[in-house]
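Down below is the structure, laid out as structure tokens.
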Amino acid sequence: MTVIPVLHTLLYERVLYRLLSGWHASTSLSIAKNYYAPGTKQKGAWSPNLERFMKDIGEHPERVKNLHFSFVVLLRAVKRAAPYLQSYSFNTGDEKEDGMTKLLMSRLLDSQLLSLCSPLFEAFDETRLFNAPSEQRSLLKRQFKSVFRNITELVDCVQCQRCRLHAKLFSLGLGTDAWIVLLPIPARMHRAD
């Protein structure tokens, strides 16, 4: 049985907690932005709910910080995958959409734009998370993946379709981000990623 040193476990748990908290904050933000009050009989009566936002996010600075942290991990993944994404052949079946997708991806990956974000990248250094010996690192990565898989399965129980969709998309994004940031890129990227 492999024993993981406490230092690596604590860092791993802290990073995992911040990512999951950021995920939850993002979903809560989406709910507050597109709120449909219970008992509303009017179709399409979705509107922002400031009270809900303040209760769920605004009064909790740590949740805002964790949301920011989740997006820092996303930006690190985008930066790391940039060479692959720049050369990727986007094929949606519609030439106009393909061109627009390529243009938008180029803008996102613009080195000047990403360089403006460089100070943000220092908020998370994945090499510290998995700098344990190889056997321990492998176990930590499997645990990380397992937690995301389990939580994604739990999201299936959510009744609100919008909440479930947002949570599923965010979990897919975070899972892919973590995968890109934590593993070598070249031989393992697929269209679905």
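Residue numbering restarts at 1 in every chain; chains get A, B, ... in the order shown in the structure tokens, and ligands count up from 1 in that same order.
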
All residues 7 Å or closer to stretch 166-182 of chain A, only C-alpha atoms, same chain fewer than 6 positions away omitted, as a PyMOL selection string
chain A and resi 23+27+73-74+76-77+126+148+152+155+193

Where does DSSP see helix (DSSP H, G or I) in stretch 7-165 of chain A, if you list the residues as a VMD selection string?
chain A and resid 7 to 33 50 to 58 61 to 87 95 to 109 111 to 116 118 to 121 126 to 129 134 to 155 161 to 165

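Take the candidates A:Ser89, A:Lys79, A:Lys96, A:Lys55 and check each one against A:Leu109 using only C-alpha atoms; the shortest distance goes to A:Lys79.
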
I'd like the interatomic distance between atom CA of A:Glu62 and atom CA of A:Cys117, to a tenth of an Å.
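Answer for the atom CA of A:Glu62 to atom CA of A:Cys117 separation: 21.1 Å.
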